file my_file.pdb (PDB, C-alpha atoms)
ATOM      1  CA  MET A  60      -8.568  21.442 -17.514
ATOM      2  CA  VAL A  61      -7.725  23.989 -14.811
ATOM      3  CA  LEU A  62      -5.429  22.842 -12.046
ATOM      4  CA  SER A  63      -4.644  25.212  -9.221
ATOM      5  CA  ASP A  64      -1.089  26.124  -8.267
ATOM      6  CA  SER A  65       0.342  23.531  -5.882
ATOM      7  CA  ARG A  66       2.183  26.121  -3.819
ATOM      8  CA  THR A  67       0.658  27.679  -0.681
ATOM      9  CA  THR A  68       1.132  31.011   1.047
ATOM     10  CA  PRO A  69       1.141  31.903   4.777
ATOM     11  CA  GLY A  70      -2.407  33.126   4.377
ATOM     12  CA  ASP A  71      -3.516  29.617   3.526
ATOM     13  CA  ALA A  72      -2.386  28.192   6.877
ATOM     14  CA  SER A  73      -5.629  28.396   8.831
ATOM     15  CA  ALA A  74      -7.530  26.783   5.996
ATOM     16  CA  ASN A  75      -5.103  23.871   6.167
ATOM     17  CA  GLY A  76      -5.520  23.436   9.915
ATOM     18  CA  THR A  77      -2.252  25.097  10.935
ATOM     19  CA  ALA A  78      -1.326  28.274  12.733
ATOM     20  CA  PRO A  79       0.828  30.914  10.978
ATOM     21  CA  SER A  80       3.834  29.419  12.794
ATOM     22  CA  GLY A  81       3.186  26.124  11.038
ATOM     23  CA  GLU A  82       2.006  24.345  14.200
ATOM     24  CA  PRO A  83      -1.183  22.256  13.841
ATOM     25  CA  LEU A  84      -4.207  23.939  15.380
ATOM     26  CA  ASP A  85      -5.474  20.701  16.941
ATOM     27  CA  GLY A  86      -2.140  19.775  18.512
ATOM     28  CA  ARG A  87      -1.543  16.744  16.283
ATOM     29  CA  VAL A  88       1.681  16.224  14.372
ATOM     30  CA  PRO A  89       0.728  16.497  10.690
ATOM     31  CA  ARG A  90       1.966  14.014   8.098
ATOM     32  CA  ARG A  91       4.591  15.661   5.937
ATOM     33  CA  VAL A  92       3.185  16.482   2.514
ATOM     34  CA  SER A  93       5.620  16.076  -0.370
ATOM     35  CA  ALA A  94       5.503  17.728  -3.781
ATOM     36  CA  THR A  95       4.386  14.384  -5.200
ATOM     37  CA  ASP A  96       1.490  14.280  -2.708
ATOM     38  CA  VAL A  97       0.334  17.728  -3.821
ATOM     39  CA  VAL A  98       0.443  16.926  -7.530
ATOM     40  CA  LEU A  99      -1.262  13.580  -6.914
ATOM     41  CA  ALA A 100      -4.021  15.157  -4.821
ATOM     42  CA  GLN A 101      -4.849  17.760  -7.462
ATOM     43  CA  LEU A 102      -4.872  15.281 -10.347
ATOM     44  CA  ARG A 103      -6.950  12.839  -8.354
ATOM     45  CA  ALA A 104      -9.451  15.566  -7.426
ATOM     46  CA  ALA A 105      -9.756  16.571 -11.090
ATOM     47  CA  ILE A 106     -10.489  12.969 -12.088
ATOM     48  CA  GLU A 107     -12.913  12.159  -9.275
ATOM     49  CA  SER A 108     -14.830  15.404  -9.758
ATOM     50  CA  GLY A 109     -15.232  14.787 -13.483
ATOM     51  CA  GLU A 110     -13.108  17.761 -14.478
ATOM     52  CA  LEU A 111     -11.005  15.135 -16.235
ATOM     53  CA  ALA A 112     -13.491  12.655 -17.706
ATOM     54  CA  VAL A 113     -13.016   8.987 -18.559
ATOM     55  CA  GLY A 114     -11.078   8.814 -21.824
ATOM     56  CA  ASP A 115      -9.481  12.238 -21.431
ATOM     57  CA  LYS A 116      -5.753  12.475 -21.935
ATOM     58  CA  LEU A 117      -3.718  14.002 -19.126
ATOM     59  CA  PRO A 118      -1.242  16.784 -19.900
ATOM     60  CA  THR A 119       2.305  15.644 -20.631
ATOM     61  CA  GLU A 120       4.842  15.218 -17.835
ATOM     62  CA  ALA A 121       6.605  18.373 -19.012
ATOM     63  CA  GLU A 122       3.375  20.398 -18.969
ATOM     64  CA  LEU A 123       2.378  19.131 -15.516
ATOM     65  CA  GLY A 124       5.862  19.911 -14.248
ATOM     66  CA  ARG A 125       5.551  23.505 -15.471
ATOM     67  CA  ARG A 126       2.062  23.946 -14.001
ATOM     68  CA  HIS A 127       3.108  22.711 -10.576
ATOM     69  CA  ASP A 128       6.665  24.034 -10.648
ATOM     70  CA  VAL A 129       8.085  20.570  -9.913
ATOM     71  CA  SER A 130      10.497  18.193 -11.610
ATOM     72  CA  ARG A 131       9.402  15.550 -14.085
ATOM     73  CA  SER A 132      10.445  12.852 -11.609
ATOM     74  CA  VAL A 133       7.858  14.216  -9.136
ATOM     75  CA  VAL A 134       5.190  14.206 -11.850
ATOM     76  CA  ARG A 135       6.186  10.698 -12.930
ATOM     77  CA  GLU A 136       5.765   9.376  -9.380
ATOM     78  CA  ALA A 137       2.328  11.000  -9.083
ATOM     79  CA  LEU A 138       1.283   9.446 -12.405
ATOM     80  CA  ARG A 139       2.488   6.016 -11.274
ATOM     81  CA  THR A 140       0.360   6.325  -8.161
ATOM     82  CA  LEU A 141      -2.713   7.359 -10.166
ATOM     83  CA  GLN A 142      -2.236   4.227 -12.242
ATOM     84  CA  ALA A 143      -1.810   2.074  -9.125
ATOM     85  CA  LEU A 144      -5.082   3.539  -7.846
ATOM     86  CA  GLY A 145      -6.761   2.345 -11.042
ATOM     87  CA  LEU A 146      -7.718   5.884 -12.064
ATOM     88  CA  THR A 147      -5.552   6.084 -15.179
ATOM     89  CA  VAL A 148      -3.901   3.893 -17.785
ATOM     90  CA  SER A 149      -0.628   4.550 -19.585
ATOM     91  CA  ARG A 150      -0.526   3.822 -23.306
ATOM     92  CA  ALA A 151       2.936   3.411 -24.797
ATOM     93  CA  GLY A 152       3.826   6.292 -27.069
ATOM     94  CA  LYS A 153       0.456   7.969 -26.557
ATOM     95  CA  GLY A 154       0.338   9.213 -22.967
ATOM     96  CA  THR A 155      -1.796   8.756 -19.859
ATOM     97  CA  TYR A 156      -5.598   8.552 -20.041
ATOM     98  CA  VAL A 157      -8.350   8.600 -17.438
ATOM     99  CA  LEU A 158      -9.614   5.057 -16.925
ATOM    100  CA  SER A 159     -12.145   5.448 -14.110
ATOM    101  CA  PRO A 160     -13.433   8.194 -11.798
ATOM    102  CA  ARG A 161     -13.453   5.723  -8.906
ATOM    103  CA  PRO A 162     -10.240   4.190  -7.538
ATOM    104  CA  ASN A 163      -9.659   0.458  -7.556
ATOM    105  CA  PRO A 164      -5.992  -0.166  -6.720
ATOM    106  CA  VAL A 165      -4.241  -2.550  -9.071
ATOM    107  CA  PHE A 166      -0.940  -4.236  -8.288
ATOM    108  CA  GLY A 167       0.496  -5.888 -11.357
ATOM    109  CA  PRO A 168      -2.241  -8.110 -12.830
ATOM    110  CA  TYR A 169      -4.326  -8.179  -9.635
ATOM    111  CA  SER A 170      -6.699  -5.722  -7.983
ATOM    112  CA  ALA A 171      -6.567  -5.041  -4.249
ATOM    113  CA  ARG A 172      -9.806  -6.971  -3.868
ATOM    114  CA  ASP A 173      -8.381  -9.999  -5.684
ATOM    115  CA  LEU A 174      -5.331 -10.071  -3.443
ATOM    116  CA  LEU A 175      -7.231  -9.628  -0.195
ATOM    117  CA  GLU A 176      -9.707 -12.397  -0.989
ATOM    118  CA  VAL A 177      -6.937 -14.874  -1.757
ATOM    119  CA  ARG A 178      -4.736 -13.823   1.141
ATOM    120  CA  ARG A 179      -7.503 -14.415   3.686
ATOM    121  CA  HIS A 180      -8.017 -17.962   2.446
ATOM    122  CA  VAL A 181      -4.320 -18.808   2.122
ATOM    123  CA  GLU A 182      -2.241 -16.818   4.577
ATOM    124  CA  ILE A 183      -4.454 -17.139   7.661
ATOM    125  CA  PRO A 184      -4.578 -20.959   7.705
ATOM    126  CA  ALA A 185      -0.932 -21.097   6.569
ATOM    127  CA  ALA A 186       0.055 -19.050   9.627
ATOM    128  CA  GLY A 187      -1.737 -21.530  11.882
ATOM    129  CA  TYR A 188      -0.010 -24.488  10.278
ATOM    130  CA  ALA A 189       3.325 -22.648  10.514
ATOM    131  CA  ALA A 190       2.916 -22.377  14.277
ATOM    132  CA  SER A 191       2.335 -26.116  14.641
ATOM    133  CA  ARG A 192       4.793 -27.383  12.011
ATOM    134  CA  ARG A 193       7.685 -24.876  11.960
ATOM    135  CA  THR A 194      11.225 -26.203  12.117
ATOM    136  CA  ARG A 195      14.249 -24.639  13.773
ATOM    137  CA  ASP A 196      15.391 -23.451  10.342
ATOM    138  CA  ASP A 197      11.987 -21.833   9.744
ATOM    139  CA  ILE A 198      12.203 -19.990  13.066
ATOM    140  CA  ASP A 199      15.737 -18.781  12.382
ATOM    141  CA  HIS A 200      14.740 -17.600   8.899
ATOM    142  CA  LEU A 201      11.670 -15.691  10.099
ATOM    143  CA  LEU A 202      13.555 -14.058  12.971
ATOM    144  CA  SER A 203      16.337 -13.028  10.590
ATOM    145  CA  LEU A 204      13.844 -11.525   8.140
ATOM    146  CA  ILE A 205      11.963  -9.484  10.732
ATOM    147  CA  GLU A 206      15.197  -8.227  12.284
ATOM    148  CA  ASN A 207      16.523  -7.213   8.872
ATOM    149  CA  MET A 208      13.248  -5.427   8.102
ATOM    150  CA  GLU A 209      13.408  -3.466  11.336
ATOM    151  CA  ARG A 210      16.964  -2.335  10.511
ATOM    152  CA  GLU A 211      16.521  -1.695   6.788
ATOM    153  CA  ALA A 212      16.709   1.963   5.758
ATOM    154  CA  ASP A 213      16.071   1.575   2.036
ATOM    155  CA  PRO A 214      12.323   1.501   1.211
ATOM    156  CA  THR A 215      12.765  -0.690  -1.864
ATOM    157  CA  ALA A 216      14.859  -3.256   0.007
ATOM    158  CA  TRP A 217      12.315  -3.236   2.841
ATOM    159  CA  VAL A 218       9.466  -4.033   0.441
ATOM    160  CA  ALA A 219      11.453  -6.963  -0.978
ATOM    161  CA  LEU A 220      11.982  -8.305   2.552
ATOM    162  CA  ASP A 221       8.297  -7.838   3.321
ATOM    163  CA  SER A 222       7.162  -9.997   0.415
ATOM    164  CA  LEU A 223       9.856 -12.588   1.205
ATOM    165  CA  PHE A 224       8.581 -12.691   4.788
ATOM    166  CA  HIS A 225       5.122 -13.715   3.619
ATOM    167  CA  VAL A 226       6.608 -16.422   1.384
ATOM    168  CA  ALA A 227       8.599 -17.678   4.390
ATOM    169  CA  VAL A 228       5.509 -17.898   6.611
ATOM    170  CA  ALA A 229       3.718 -19.897   3.922
ATOM    171  CA  GLY A 230       6.792 -22.114   3.579
ATOM    172  CA  ALA A 231       6.871 -22.743   7.316
ATOM    173  CA  SER A 232       3.364 -24.213   7.027
ATOM    174  CA  GLY A 233       4.936 -27.343   5.581
ATOM    175  CA  ASN A 234       2.460 -27.250   2.695
ATOM    176  CA  PRO A 235       4.203 -26.450  -0.612
ATOM    177  CA  VAL A 236       0.902 -25.399  -2.195
ATOM    178  CA  PHE A 237       0.534 -22.496   0.245
ATOM    179  CA  GLN A 238       4.084 -21.430  -0.517
ATOM    180  CA  LYS A 239       3.549 -21.718  -4.278
ATOM    181  CA  VAL A 240       0.467 -19.491  -4.155
ATOM    182  CA  ILE A 241       2.265 -16.750  -2.223
ATOM    183  CA  GLU A 242       5.308 -16.986  -4.474
ATOM    184  CA  GLU A 243       2.991 -16.539  -7.469
ATOM    185  CA  ILE A 244       1.618 -13.258  -6.091
ATOM    186  CA  ARG A 245       4.861 -12.088  -4.493
ATOM    187  CA  ASP A 246       5.440  -9.268  -6.996
ATOM    188  CA  ALA A 247       1.891  -7.990  -6.484
ATOM    189  CA  LEU A 248       2.380  -8.119  -2.698
ATOM    190  CA  ALA A 249       5.553  -6.047  -3.064
ATOM    191  CA  ARG A 250       3.724  -3.465  -5.191
ATOM    192  CA  GLN A 251       0.913  -3.299  -2.652
ATOM    193  CA  SER A 252       3.370  -2.931   0.218
ATOM    194  CA  SER A 253       5.183  -0.088  -1.527
ATOM    195  CA  PHE A 254       1.846   1.605  -2.276
ATOM    196  CA  LEU A 255       0.718   1.385   1.369
ATOM    197  CA  ASN A 256       4.024   2.616   2.735
ATOM    198  CA  ARG A 257       4.031   5.589   0.369
ATOM    199  CA  LEU A 258       0.410   6.673   0.791
ATOM    200  CA  GLY A 259      -0.559   5.111   4.108
ATOM    201  CA  ASP A 260       2.708   5.325   6.066
ATOM    202  CA  ARG A 261       2.282   1.666   7.020
ATOM    203  CA  ARG A 262       5.862   0.506   7.573
ATOM    204  CA  ARG A 263       6.178   0.688  11.371
ATOM    205  CA  GLU A 264       2.714  -0.721  11.963
ATOM    206  CA  SER A 265       3.439  -3.558   9.565
ATOM    207  CA  GLU A 266       6.685  -4.399  11.356
ATOM    208  CA  ALA A 267       4.877  -4.604  14.690
ATOM    209  CA  GLU A 268       2.229  -6.881  13.151
ATOM    210  CA  HIS A 269       4.924  -9.100  11.614
ATOM    211  CA  ARG A 270       6.747  -9.272  14.951
ATOM    212  CA  ALA A 271       3.566 -10.413  16.702
ATOM    213  CA  LEU A 272       3.079 -13.115  14.064
ATOM    214  CA  VAL A 273       6.650 -14.386  14.388
ATOM    215  CA  GLU A 274       6.344 -14.536  18.169
ATOM    216  CA  ALA A 275       3.177 -16.627  17.872
ATOM    217  CA  ILE A 276       4.882 -19.001  15.412
ATOM    218  CA  VAL A 277       7.978 -19.307  17.618
ATOM    219  CA  GLU A 278       5.751 -20.086  20.609
ATOM    220  CA  GLY A 279       3.920 -22.715  18.586
ATOM    221  CA  SER A 280       0.550 -21.089  19.262
ATOM    222  CA  GLU A 281      -1.697 -21.887  16.318
ATOM    223  CA  GLY A 282      -4.547 -19.714  17.597
ATOM    224  CA  ALA A 283      -2.300 -16.714  18.208
ATOM    225  CA  ALA A 284      -0.696 -17.067  14.769
ATOM    226  CA  VAL A 285      -4.076 -17.221  13.047
ATOM    227  CA  HIS A 286      -5.222 -14.169  15.003
ATOM    228  CA  ALA A 287      -2.012 -12.244  14.223
ATOM    229  CA  MET A 288      -2.242 -12.893  10.485
ATOM    230  CA  ALA A 289      -5.963 -12.082  10.393
ATOM    231  CA  ALA A 290      -5.323  -8.831  12.262
ATOM    232  CA  HIS A 291      -2.494  -7.947   9.867
ATOM    233  CA  LEU A 292      -4.664  -8.485   6.784
ATOM    234  CA  GLU A 293      -7.537  -6.537   8.334
ATOM    235  CA  ARG A 294      -5.239  -3.582   8.935
ATOM    236  CA  VAL A 295      -3.945  -3.812   5.385
ATOM    237  CA  GLU A 296      -7.542  -3.643   4.168
ATOM    238  CA  THR A 297      -8.343  -0.737   6.465
ATOM    239  CA  ALA A 298      -5.301   1.169   5.180
ATOM    240  CA  LEU A 299      -6.293   0.493   1.581
ATOM    241  CA  HIS A 300      -9.844   1.609   2.313
ATOM    242  CA  SER A 301      -8.624   4.881   3.839
ATOM    243  CA  ILE A 302      -6.575   5.607   0.706
ATOM    244  CA  VAL A 303      -9.325   4.623  -1.720
ATOM    245  CA  ARG A 304     -12.033   6.435   0.252
ATOM    246  CA  PRO A 305     -10.363   9.358   2.082
ATOM    247  CA  GLY A 306     -12.290  10.546   5.106
ATOM    248  CA  THR A 307     -13.700   7.097   5.901
ATOM    249  CA  ALA A 308     -10.658   5.665   7.668
ATOM    250  CA  ALA A 309     -12.634   5.282  10.897
ATOM    251  CA  HIS A 310     -14.570   2.477   9.249
ATOM    252  CA  THR A 311     -12.984  -0.901   9.926
ATOM    253  CA  PRO A 312     -14.107  -3.459   7.348
ATOM    254  CA  HIS A 313     -15.453  -6.713   8.736
ATOM    255  CA  GLU A 314     -13.855  -9.950   7.683
ATOM    256  CA  GLY A 315     -15.160 -10.836   4.231
ATOM    257  CA  GLU A 316     -16.031  -7.232   3.344
ATOM    258  CA  ALA A 317     -14.255  -6.232   0.151
ATOM    259  CA  ILE A 318     -12.978  -2.865  -0.916
ATOM    260  CA  HIS A 319     -15.686  -1.489  -3.154
ATOM    261  CA  GLU A 320     -14.987  -1.037  -6.817
TER
END
call {"tool": "encode", "arguments": {"input": "my_file.pdb", "output": "structure tokens"}}
result
Amino acid sequence: MVLSDSRTTPGDASANGTAPSGEPLDGRVPRRVSATDVVLAQLRAAIESGELAVGDKLPTEAELGRRHDVSRSVVREALRTLQALGLTVSRAGKGTYVLSPRPNPVFGPYSARDLLEVRRHVEIPAAGYAASRRTRDDIDHLLSLIENMEREADPTAWVALDSLFHVAVAGASGNPVFQKVIEEIRDALARQSSFLNRLGDRRRESEAEHRALVEAIVEGSEGAAVHAMAAHLERVETALHSIVRPGTAAHTPHEGEAIHE
């Protein structure tokens, strides 16, 4: 396998859409690219192009670190993301192997498709019921959660609050079955949230969507709550689609359309 050097030179700027000064040629503010992003992009390209075939073993963390001139922690994070994308599998004591040339994000025991299908059928009606059945305690809890999320600086703590928020909305529905279902998938939701924040820069958008949902529940508007939750899940799916299929982010999946495997 031949992987190119992850470092760039000033001469590469125009090819990357930037002027020699580092300013974007089209006037947009570029998303900051980390060392992990670079390593991930090159490994992913090697897998999707077939340079690394299904069943092939990836180089060790130490070897990848030397090739890219990065620390093992950077390589480890890139490998974790490849696994979350469903492209690789880690085998204890043996290493990391290519699982598929086509991404299918997996969060714990569930694929992105599994989660989205269930969430549409559980969280959207639960949000409507929450708007019509919420108690004062429910309102106080949801407002506290969203305010804490908006203030939280630690990404890991934010993800924990995010998954707890969705459990709280289901709990406010007054139906313990809705709450039980979301509690069951809470860890997977947290993994998905972390994945989207890292690769899709979703945090601020997600907070705004959560705020809109809380406002609808506080107002007791069932229709607005249903719409807010549906819009939130659609944007989650769109973000996942843009990560799984780069270059197709302009496509907004219709309700019921799954991420392709």
call {"tool": "atom_distance", "arguments": {"input": "my_file.pdb", "atom1": "CA of Val273 (chain A)", "atom2": "CA of Thr297 (chain A)"}}
result
21.8 Å
call {"tool": "closest_residue", "arguments": {"input": "my_file.pdb", "among": "A:Val113, A:Arg178, A:Arg262, A:Val218", "to": "Met288 (chain A)", "atoms": "all atoms listed in the file"}}
result
A:Arg178
call {"tool": "residues_around", "arguments": {"input": "my_file.pdb", "residues": "Gly187 (chain A)", "least_positions_apart": "2", "cutoff": "12 Å", "atoms": "only C-alpha atoms", "output": "PyMOL selection string"}}
result
chain A and resi 180-185+189-193+228-234+237+272-273+275-289
call {"tool": "residues_near_point", "arguments": {"input": "my_file.pdb", "point": "(-5.0, 0.0, -10.1)", "cutoff": "10 Å", "atoms": "only C-alpha atoms", "output": "PyMOL selection string"}}
result
chain A and resi 139-148+158-159+162-171
call {"tool": "resolve_selection", "arguments": {"input": "my_file.pdb", "expression": "the PyMOL selection byres ((chain A and resi 270) around 10)", "output": "PyMOL selection string"}}
result
chain A and resi 201-202+205-206+209+264-269+271-276+287
call {"tool": "resolve_selection", "arguments": {"input": "my_file.pdb", "expression": "the PyMOL selection byres ((chain A and resi 175) around 9)", "output": "PyMOL selection string"}}
result
chain A and resi 170-174+176-180+292+295-296+317-318
call {"tool": "resolve_selection", "arguments": {"input": "my_file.pdb", "expression": "the PyMOL selection byres ((chain A and resi 118) around 12)", "output": "ChimeraX atom specification"}}
result
/A:60-62,102,111,115-117,119-127,134-135,138,153-157
call {"tool": "closest_residue", "arguments": {"input": "my_file.pdb", "among": "A:Ala298, A:Val98, A:Ala212, A:Ala112", "to": "Gln251 (chain A)", "atoms": "only C-alpha atoms"}}
result
A:Ala298
call {"tool": "atom_distance", "arguments": {"input": "my_file.pdb", "atom1": "CA of Ser253 (chain A)", "atom2": "CA of Ala290 (chain A)"}}
result
19.4 Å
call {"tool": "atom_distance", "arguments": {"input": "my_file.pdb", "atom1": "CA of Ser132 (chain A)", "atom2": "CA of Leu220 (chain A)"}}
result
25.5 Å
call {"tool": "axis_aligned_box", "arguments": {"input": "my_file.pdb", "around": "region 183-189 of chain A", "padding_each_side": "4 Å", "output": "AutoDock Vina command-line options"}}
result
--center_x -0.6 --center_y -20.8 --center_z 9.2 --size_x 15.9 --size_y 15.3 --size_z 13.3
call {"tool": "closest_residue", "arguments": {"input": "my_file.pdb", "among": "A:Val226, A:Arg161, A:Thr194, A:Ser130", "to": "Arg103 (chain A)", "atoms": "only C-alpha atoms"}}
result
A:Arg161
call {"tool": "residues_around", "arguments": {"input": "my_file.pdb", "residues": "Glu242 (chain A)", "least_positions_apart": "6", "cutoff": "9 Å", "atoms": "only C-alpha atoms", "output": "list of chain:residue names"}}
result
A:Ser222, A:Leu223, A:His225, A:Val226
call {"tool": "write_last_selection", "arguments": {"input": "my_file.pdb", "atoms": "C-alpha atoms", "output": "mmCIF file, in the frame of the given file"}}
result
data_model
loop_
_atom_site.group_PDB
_atom_site.id
_atom_site.type_symbol
_atom_site.label_atom_id
_atom_site.label_comp_id
_atom_site.auth_asym_id
_atom_site.auth_seq_id
_atom_site.Cartn_x
_atom_site.Cartn_y
_atom_site.Cartn_z
ATOM 1 C CA SER A 222 7.162 -9.997 0.415
ATOM 2 C CA LEU A 223 9.856 -12.588 1.205
ATOM 3 C CA HIS A 225 5.122 -13.715 3.619
ATOM 4 C CA VAL A 226 6.608 -16.422 1.384
#
